[in-house]
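Here is the structure we will look at.
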Amino acid sequence: MSLTVYGAPLSPFVRKVCLALIEKGLDYTLEVVMPFNLPDWYHELNPLGRIPALRDGDLTLADSSVICQYLDERQPHQPLLYGETAEPRAQVRWLEKYADYELAPLCTFTVFRNRVLNVASGQPSDEQQIQKTLQDKLPKHFDYLEQRLGDAPYFLGQRLSMADLALACQLINMEHGGEELDASRWPALAAHYQRIKARPSVQQLLPRELRTLEKLGISR
């Protein structure tokens with residue numbers, strides 16, 4: 001069956017689904033749907049009007065976490081992005097939720113939105129809000145994730161999981177917005193980000209994203 005992802009390339013949630021598909025070795029097509037100009041038919045896929053959505057034959061799904069868990073169960077071969085037993089699955093789901101609900105409002109909906117979407121649409125970037133986010137809000141989250149990661153290469157120790165991909169998706173949007181992790185303050189987390197960013201799956205997507213930024217008049 002053919003797999004179609006609906007959404008915009010710069011969305012961290014669309015990116016997360018695409019990375020899961022690539023890591024699982026599944027072919028897919030991306031149909032670009034812009035979140036601020038949704039076609040009427042899209043509400044049949046997601047009545048909430050959010051991206052991404054997935055079509056797998058006659059099955060349609062919405063919400064990036066639901067989609068990624070479905071893909072992992074649909075193809076229960078290595079790599080299992082949510083782990084093999086209850087304990088790692090719970091850890092991954094927690095960290096994925098942490099990235100999507102705690103980091104996204106800051107990395108994507110503050111830094112990225114102001115520096116990329118607002119600028120591209122001719123609106124001012126709220127630099128005061130960005131600096132408050134960078135100085136007062138994000139550090140406590142990065143402190144927690146630095147401690148949680150420890151000396152391991154991945155959040156599940158020696159194996160990649162959706163926790164790693166979900167976190168990197170938010171940091172990519174922060175970097176698209178012109179900000180990077182301070183490697184002197186969060187060395188393990190910064191090394192982890194570079195490790196994930198260097199994966200073939202991420203490198204497969206980044207050129208398309210950089211081209212999209214250029215079309216928006218953003219140079220990175």
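Residue numbering restarts at 1 for every chain of the structure tokens, chains are lettered A, B, ... in their displayed order, and ligands are numbered from 1 as they appear.
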
Kindly provide the residues of segment 60-171 of chain A that approach segment 178-192 of chain A to within 9 Å, each paired with its closest atom pair and their distance in Å to one decimal, based on only C-alpha atoms, listed by chain and increasing number, as CSV.
residue,atom,partner,partner_atom,distance
A:Val111,CA,A:Glu179,CA,7.9
A:Phe112,CA,A:Gly178,CA,8.1
A:Arg115,CA,A:Gly178,CA,7.5
A:Leu134,CA,A:Glu179,CA,8.8
A:Phe142,CA,A:Trp186,CA,7.2
A:Asp143,CA,A:Trp186,CA,7.3
A:Leu145,CA,A:Leu189,CA,7.1
A:Glu146,CA,A:Leu189,CA,5.3
A:Gln147,CA,A:Ala188,CA,8.7
A:Leu149,CA,A:Leu189,CA,7.2
A:Gly150,CA,A:Ala188,CA,6.9
A:Asp151,CA,A:Ala188,CA,6.9
A:Ala152,CA,A:Ala188,CA,8.4
A:Pro153,CA,A:His192,CA,6.4
A:Tyr154,CA,A:His192,CA,7.0
A:Asp164,CA,A:His192,CA,8.2
A:Ala168,CA,A:His192,CA,8.6
A:Leu171,CA,A:Glu180,CA,7.5

Could you write those residues out with C-alpha atoms, as a PDB file, in the first residue's frame?
ATOM      1  CA  VAL A 111      11.908  31.134  18.077  1.00  0.00           C
ATOM      2  CA  PHE A 112      11.041  29.588  14.704  1.00  0.00           C
ATOM      3  CA  ARG A 115      12.422  34.458  13.123  1.00  0.00           C
ATOM      4  CA  LEU A 134      16.202  31.509  25.485  1.00  0.00           C
ATOM      5  CA  PHE A 142      17.769  21.572  28.568  1.00  0.00           C
ATOM      6  CA  ASP A 143      19.086  20.987  32.113  1.00  0.00           C
ATOM      7  CA  LEU A 145      17.352  16.562  29.228  1.00  0.00           C
ATOM      8  CA  GLU A 146      21.118  16.852  29.786  1.00  0.00           C
ATOM      9  CA  GLN A 147      20.742  15.042  33.102  1.00  0.00           C
ATOM     10  CA  LEU A 149      20.705  11.675  28.745  1.00  0.00           C
ATOM     11  CA  GLY A 150      23.814  11.334  30.910  1.00  0.00           C
ATOM     12  CA  ASP A 151      26.783   9.753  29.143  1.00  0.00           C
ATOM     13  CA  ALA A 152      24.687   7.592  26.800  1.00  0.00           C
ATOM     14  CA  PRO A 153      24.621   8.247  23.056  1.00  0.00           C
ATOM     15  CA  TYR A 154      20.809   7.977  22.987  1.00  0.00           C
ATOM     16  CA  ASP A 164      15.841  11.169  20.063  1.00  0.00           C
ATOM     17  CA  ALA A 168      16.013  16.771  17.403  1.00  0.00           C
ATOM     18  CA  LEU A 171      16.093  21.711  17.940  1.00  0.00           C
TER      19      LEU A 171
END

Residues of segment 26-187 of chain A classed as alpha helix (DSSP H) by DSSP on the backbone are to be reported as a PyMOL selection string.
chain A and resi 64-74+86-98+119-120+127-132+138-149+162-176+187

Could you name the residues that touch Val32 of chain A at 7 Å or less, counting only C-alpha atoms, but leaving out those on the same chain fewer than 5 positions away, as a PyMOL selection string?
chain A and resi 6-8

How would the residues just picked look written out with C-alpha atoms as a JSON list (two decimals), in the first residue's frame?
[["chain", "number", "residue", "atom", "x", "y", "z"],
["A", 6, "TYR", "CA", 0.23, 15.48, 4.38],
["A", 7, "GLY", "CA", 1.91, 18.58, 5.77],
["A", 8, "ALA", "CA", 4.62, 21.22, 5.40]]

May I have the residues within 10 Å of segment 44-49 of chain A as a ChimeraX atom specification, using only C-alpha atoms and disregarding those fewer than 4 positions away in the same chain?
/A:6,35-40,53-55,59-63

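Going from atom CA of Thr85 of chain A to atom CA of Tyr98 of chain A covers 20.2 Å.
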
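Between atom CA of Leu10 of chain A and atom CA of Thr212 of chain A the interatomic distance comes to 7.7 Å.
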